[in-house]
Structure formats: structure tokens, C-alpha cells
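Report on the structure given below.
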Amino acid sequence: MNQQLSRRRFLHLSGAAAVGTAALAACQPAAPAGSEEMSEEQPAAERIQIEFLGMPGSPDLIPEEQELFHDENPNIEWVLVQQAQGTSRLEQLMALVVAGTPPDTSRVESDVYRTFAHLGLLLPITSYIEADPEFSAEDYWIQPQEDDRQVYQGESYGIGSCWVAPHFYYNVSLFEELGVEPPSNDPEEAWGWDDFLAIATELTVDVNGSHPGDADFDANNMERWGVNWPTWWIPLHAAVQSNGSDWIDAESEKIVLDSPEAMQALQNIADLRIAHGVMPRTEALEALGMGGTQLLETKKVALQVDGSWALSWSWQIEGGIGTAVLPAMQRPGTDMQAHLVTVVKDAENPPGQSHLNL
């Protein structure tokens with residue numbers, strides 16, 4: 001007889017960063033029925049260490065919850081394999097696999113998840129999901145989004161940790177001081193792109209009080225920029241989505257980043273800096289040495305595009321923090337995703353009836 005590990009208990013173990021591994025972990029088998037003397041004579045269960053490749057600088061496995069899990073499962077111990085600074089998840093995981101020392105489980109970002117599955121690095125877990133009474137419940141997942149994220153060529157290779165999306169952050173007190181109506185959280189009231197550019201231009205000002213387009217505007221001596229839209233893949237994908245395109249076509253599985261819509265979206269973001277002067281250049285950000293939260297708190301930037309994860313460290317900024325939907329190009333849109341928790345194929349301790357059961 002095997003003791004079932006509930007999803008809630010495992011979610012406490014893994015925390016938000018490692019949610020989903022519950023489908024793959026459970027309690028040790030109970031001692032066989034018999035007298036107390038017979039139980040005492042049973043050999044101690046073998047201690048099993050399950051390695052989890054996590055994120056650098058982030059406590060993927062919460063110590064207090066690890067202790068709680070270990071109390072209920074004394075023969076299972078979670079070991080965090082910290083991702084090396086300056087090394088991508090793809091590089092480190094593949095290096096460990098090639099060396100013959102893969103971790104048992106790993107956090108895998110959504111941008112490389114299908115690549116890992118395609119390369120055969122991950123264990124299919126569809127059968128485990130279907131066997132679990134909670135995971136297989138009809139209304140458990142947000143569909144069809146979860147299948148879009150999890151399933152590759154008919155199999156699930158991981159479980160999503162959460163959903164996150166880039167959006168606007170703004171300093172409430174700045175908008176109050178300027179008498180400018182802030183953007184809305186309602187997609188039906190999202191700014192159009194032209195309206196957004198006009199407001200971003202109004203919010204952008206040099207040390208002399210001039211705005212982009214003014215004859216005496218000094219882009220080298222800035223008091224404040226209207227917006228900072230980072231140019232890494234998630235914020236850029238939000239723009240591409242808003243203009244009606246994507247990275248990859250869902251049906252053909254071909255790259256469509258060269259479509260006119262996608263190219264125009266990327267050009268729109270580049271033009272915030274190059275053509276319109278409402279966004280700081282990289283060298284200006286490097287000189288300031290500030291992250292998005294500091295840019296908002298010091299009012300060097302009026303609107304910061306960042307992920308919903310940033311709320312955990314920006315909600316206490318002086319002046320108050322506001323959030324809003326991104327401006328619409330062809331439509332309101334953003335990038336909804338998150339990393340997945342996976343089991344590495346050929347790991348030492350993959351799921352099996354010997355010690356992991358659903």
C-alpha cells in the first residue's frame with residue numbers, strides 16, 4: 001500500500017518556482033502489515049536524493065517546506081543543484097547530461113522547453129498526469145492554454161509553475177503631479193499605439209523642460225523618459241502578439257518572426273528609442289545603474305514594462321505603484337508564460353513504482 005502525496009503538500013515544498021513536480025513525487029511505501037517486532041526488524045528504507053536544477057540566487061526549494069516534506073517522506077531528500085552564474089539552463093543541463101550526471105528534475109524556461117523535449121532530454125509525464133486524480137480532473141487546468149504550454153507532439157514533458165505576463169508599471173504620484181491620466185488595467189480601454197506615443201512624448205522631458213520634437217530638445221541631458229520597454233524576448237513577444245503575429249505558427253510549427261506584422265512590431269519598439277526619443281538608450285541605463293523599480297521610484301522613467309514577477313519587489317516604492325495593460329497595436333496583447341518543472345530523462349531517480357507513486 002502506498003501513501004498518496006497531495007498536490008497542496010508538494011506545492012508547499014517546491015514553492016512557486018517548483019510547482020508542478022507534485023505529479024512526480026510521492027511518499028515512500030508504508031511498512032508491510034505485521035507485528036511490531038516484525039516492523040522493527042525491517043531494514044531501514046534507502047535514502048533517495050532527488051536533485052533539482054534551479055535558478056541562480058533563488059530559493060527554489062523552501063527549507064521549511066523541505067523539512068515538512070521530509071517528515072512525511074523520510075527516505076526522500078531534495079537537493080538543489082544551483083544553476084551556475086553566467087551559464088544558461090540549456091548549457092548547464094546539456095553539460096550535465098553529456099557528463100552522465102543529469103539532475104533528476106529541472107526548472108526549464110518556456111523558451112527552450114520544446115527544444116529540450118525535441119532533443120529527448122525530458123521524460124514524458126502524460127501517464128502520470130492522467131493517473132493523478134487532481135491533475136486529471138476536467139476543470140483542473142486552464143485550457144487550452146495549458147495544453148499549448150505543456151504538450152509537445154502529443155506528450156506532456158513538464159508542468160507549468162504559474163502564469164506571468166509583462167505589463168506597464170507606473171509611479172502613481174508622478175502621474176498625479178503631472179495631471180496625466182494613467183493607463184488602464186482594462187484591455188478594453190488599452191491605449192492605441194498612436195495615443196501611447198503622444199502620451200510618452202508628453203512624459204519625456206530634458207533638464208530644460210523640452211520634449212522630443214522641440215527644436216531645443218537635448219537627448220543627452222534627460223530629466224525623464226516616457227517609457228522603458230526592455231528588448232529581451234518576453235517584452236518583445238508581447239509587442240509581436242499585440243500586432244497579430246507570433247514567434248512560431250501553431251499549425252505549421254514554422255518560424256513566422258519574419259512576417260510583416262512581427263517585423264513592424266519589433267520596429268515599433270526600436271523606434272521608441274531611435275525615432276521618437278521617448279525611451280532611454282542602453283548607455284544611459286548603464287550610466288544610471290538602475291533597475292526598473294529604481295527608475296520608477298526616482299521618476300527617471302514614467303512607464304516601465306516588466307513582468308508580473310516584478311510586483312514582488314516594486315509594490316512598496318515611494319509614491320505608490322500602478323499597473324496597466326500594454327498599448328494595443330492591432331489588438332490588446334501580451335506574452336503569457338512561465339517556466340516548467342520537468343523530469344530529466346535517464347536521471348538516476350526518475351518516477352517509478354519503487355519510491356515515487358501517483
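The way I read the labels, and the way they are meant: chains A, B, ... in the order of the C-alpha cells, residue 1 as the first residue of every chain, and ligand 1 as the first ligand shown, with later ones counted on from there.
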
Handout entry: Residue contacts of region 214-218 of chain A (12 Å, only C-alpha atoms) excluding same-chain residues fewer than 4 positions away, as a PyMOL selection string
Key = chain A and resi 201-202+204-210+222-224+276-278

Using only C-alpha atoms, which residues of region 101-202 of chain A come within 8 Å of region 326-344 of chain A, and what is the closest atom pair for each, with the distance in Å to one decimal? Give it as JSON lines, sorted by chain and residue number.
{"residue": "A:Pro102", "atom": "CA", "partner": "A:Val344", "partner_atom": "CA", "distance": 7.0}
{"residue": "A:Pro103", "atom": "CA", "partner": "A:Val344", "partner_atom": "CA", "distance": 6.6}
{"residue": "A:Asp104", "atom": "CA", "partner": "A:Val344", "partner_atom": "CA", "distance": 5.4}
{"residue": "A:Thr105", "atom": "CA", "partner": "A:Val343", "partner_atom": "CA", "distance": 4.3}
{"residue": "A:Ser106", "atom": "CA", "partner": "A:Thr342", "partner_atom": "CA", "distance": 5.4}
{"residue": "A:Arg107", "atom": "CA", "partner": "A:Val341", "partner_atom": "CA", "distance": 4.7}
{"residue": "A:Val108", "atom": "CA", "partner": "A:Leu340", "partner_atom": "CA", "distance": 5.3}
{"residue": "A:Glu109", "atom": "CA", "partner": "A:His339", "partner_atom": "CA", "distance": 4.1}
{"residue": "A:Ser110", "atom": "CA", "partner": "A:His339", "partner_atom": "CA", "distance": 5.0}
{"residue": "A:Tyr113", "atom": "CA", "partner": "A:Leu340", "partner_atom": "CA", "distance": 7.6}
{"residue": "A:Leu121", "atom": "CA", "partner": "A:Val344", "partner_atom": "CA", "distance": 6.0}
{"residue": "A:Leu122", "atom": "CA", "partner": "A:Val344", "partner_atom": "CA", "distance": 4.6}
{"residue": "A:Leu123", "atom": "CA", "partner": "A:Val343", "partner_atom": "CA", "distance": 5.5}
{"residue": "A:Arg149", "atom": "CA", "partner": "A:Gln337", "partner_atom": "CA", "distance": 7.7}
{"residue": "A:Tyr157", "atom": "CA", "partner": "A:Thr342", "partner_atom": "CA", "distance": 6.2}
{"residue": "A:Gly158", "atom": "CA", "partner": "A:Thr342", "partner_atom": "CA", "distance": 4.4}
{"residue": "A:Ile159", "atom": "CA", "partner": "A:Leu340", "partner_atom": "CA", "distance": 5.1}
{"residue": "A:Gly160", "atom": "CA", "partner": "A:Leu340", "partner_atom": "CA", "distance": 4.2}
{"residue": "A:Ser161", "atom": "CA", "partner": "A:Leu340", "partner_atom": "CA", "distance": 5.7}
{"residue": "A:Cys162", "atom": "CA", "partner": "A:Ala338", "partner_atom": "CA", "distance": 6.0}
{"residue": "A:Trp163", "atom": "CA", "partner": "A:Gln337", "partner_atom": "CA", "distance": 5.3}
{"residue": "A:Val164", "atom": "CA", "partner": "A:Gln337", "partner_atom": "CA", "distance": 5.6}
{"residue": "A:Ala165", "atom": "CA", "partner": "A:Met336", "partner_atom": "CA", "distance": 4.9}
{"residue": "A:Pro166", "atom": "CA", "partner": "A:Thr334", "partner_atom": "CA", "distance": 6.5}
{"residue": "A:His167", "atom": "CA", "partner": "A:Leu326", "partner_atom": "CA", "distance": 5.4}
{"residue": "A:Phe168", "atom": "CA", "partner": "A:Leu326", "partner_atom": "CA", "distance": 5.9}
{"residue": "A:Pro187", "atom": "CA", "partner": "A:Pro332", "partner_atom": "CA", "distance": 6.0}
{"residue": "A:Glu188", "atom": "CA", "partner": "A:Pro332", "partner_atom": "CA", "distance": 7.8}
{"residue": "A:Ala190", "atom": "CA", "partner": "A:Pro327", "partner_atom": "CA", "distance": 5.5}
{"residue": "A:Trp191", "atom": "CA", "partner": "A:Pro327", "partner_atom": "CA", "distance": 4.8}
{"residue": "A:Gly192", "atom": "CA", "partner": "A:Ala328", "partner_atom": "CA", "distance": 4.9}
{"residue": "A:Trp193", "atom": "CA", "partner": "A:Met329", "partner_atom": "CA", "distance": 5.4}
{"residue": "A:Phe196", "atom": "CA", "partner": "A:Pro327", "partner_atom": "CA", "distance": 6.4}

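The closest residue to Glu348 (chain A), picked from A:Val97, A:Leu68, A:Leu203, A:Ala84 and counting only C-alpha atoms, is A:Val97.
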
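For Gly154 (chain A), the set of protein, DNA and RNA residues having any atom at most 10 Å away, when counting only C-alpha atoms and skipping those fewer than 3 positions along the same chain, is Pro124, Thr126, Asp147, Gln150, Val151 and Tyr157 of chain A.
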
Selection from above, N, CA and C atoms, as an mmCIF file, in the first residue's frame, can you write it?
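File result-v1.cif, as written:
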data_model
loop_
_atom_site.group_PDB
_atom_site.id
_atom_site.type_symbol
_atom_site.label_atom_id
_atom_site.label_comp_id
_atom_site.auth_asym_id
_atom_site.auth_seq_id
_atom_site.Cartn_x
_atom_site.Cartn_y
_atom_site.Cartn_z
ATOM 1 N N PRO A 124 8.650 11.962 -20.783
ATOM 2 C CA PRO A 124 7.212 12.195 -20.944
ATOM 3 C C PRO A 124 6.476 11.862 -19.642
ATOM 4 N N THR A 126 2.883 12.327 -19.368
ATOM 5 C CA THR A 126 1.440 12.311 -19.614
ATOM 6 C C THR A 126 0.743 11.242 -18.786
ATOM 7 N N ASP A 147 -2.469 23.131 -22.330
ATOM 8 C CA ASP A 147 -2.009 22.200 -23.353
ATOM 9 C C ASP A 147 -1.067 22.889 -24.339
ATOM 10 N N GLN A 150 2.222 22.902 -22.283
ATOM 11 C CA GLN A 150 2.802 21.629 -21.840
ATOM 12 C C GLN A 150 3.075 20.639 -22.960
ATOM 13 N N VAL A 151 2.140 20.539 -23.888
ATOM 14 C CA VAL A 151 2.125 19.399 -24.803
ATOM 15 C C VAL A 151 3.011 19.662 -26.014
ATOM 16 N N TYR A 157 5.750 17.079 -21.112
ATOM 17 C CA TYR A 157 7.100 16.847 -20.590
ATOM 18 C C TYR A 157 7.389 17.707 -19.358
#

Handout entry: Who sits within 10 Å of Tyr170 (chain A), only C-alpha atoms, same chain under 3 positions skipped, as JSON, numbers by chain
Key = {"A": [173, 174, 175, 182, 183, 227, 293, 295, 296, 297, 299, 301, 302, 303, 304, 305, 319, 320, 321, 322, 323, 324]}

Practice task
Please give the complete set of residues from region 131-305 of chain A that DSSP, run on the backbone, assigns to strand (DSSP E or B), formatted as a PyMOL selection string.
Solution key: chain A and resi 151-152+155-156+158-160+164+166-171+192+205-206+222-228+248+255+301-305

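Of note, CA of Gly54 (chain A) and CA of Ile125 (chain A) are spaced 19.5 Å apart.
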
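Here CA of Asp111 (chain A) and CA of Asp249 (chain A) stand 14.7 Å from one another.
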
Problem - Contacts of Arg281 (chain A) at 12 Å (only C-alpha atoms; same-chain gap of 2+ positions) as a ChimeraX atom specification - result: /A:219-220,222,225,227-231,270-279,283-288

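Across the structure, CA of Val172 (chain A) and CA of Asp306 (chain A) are spaced 16.2 Å apart.
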
Fill in the blank from the handout: Between A:Glu77, A:Glu65, A:Glu253, A:Asp71, smallest distance to Asn349 (chain A) by only C-alpha atoms belongs to A:Glu77
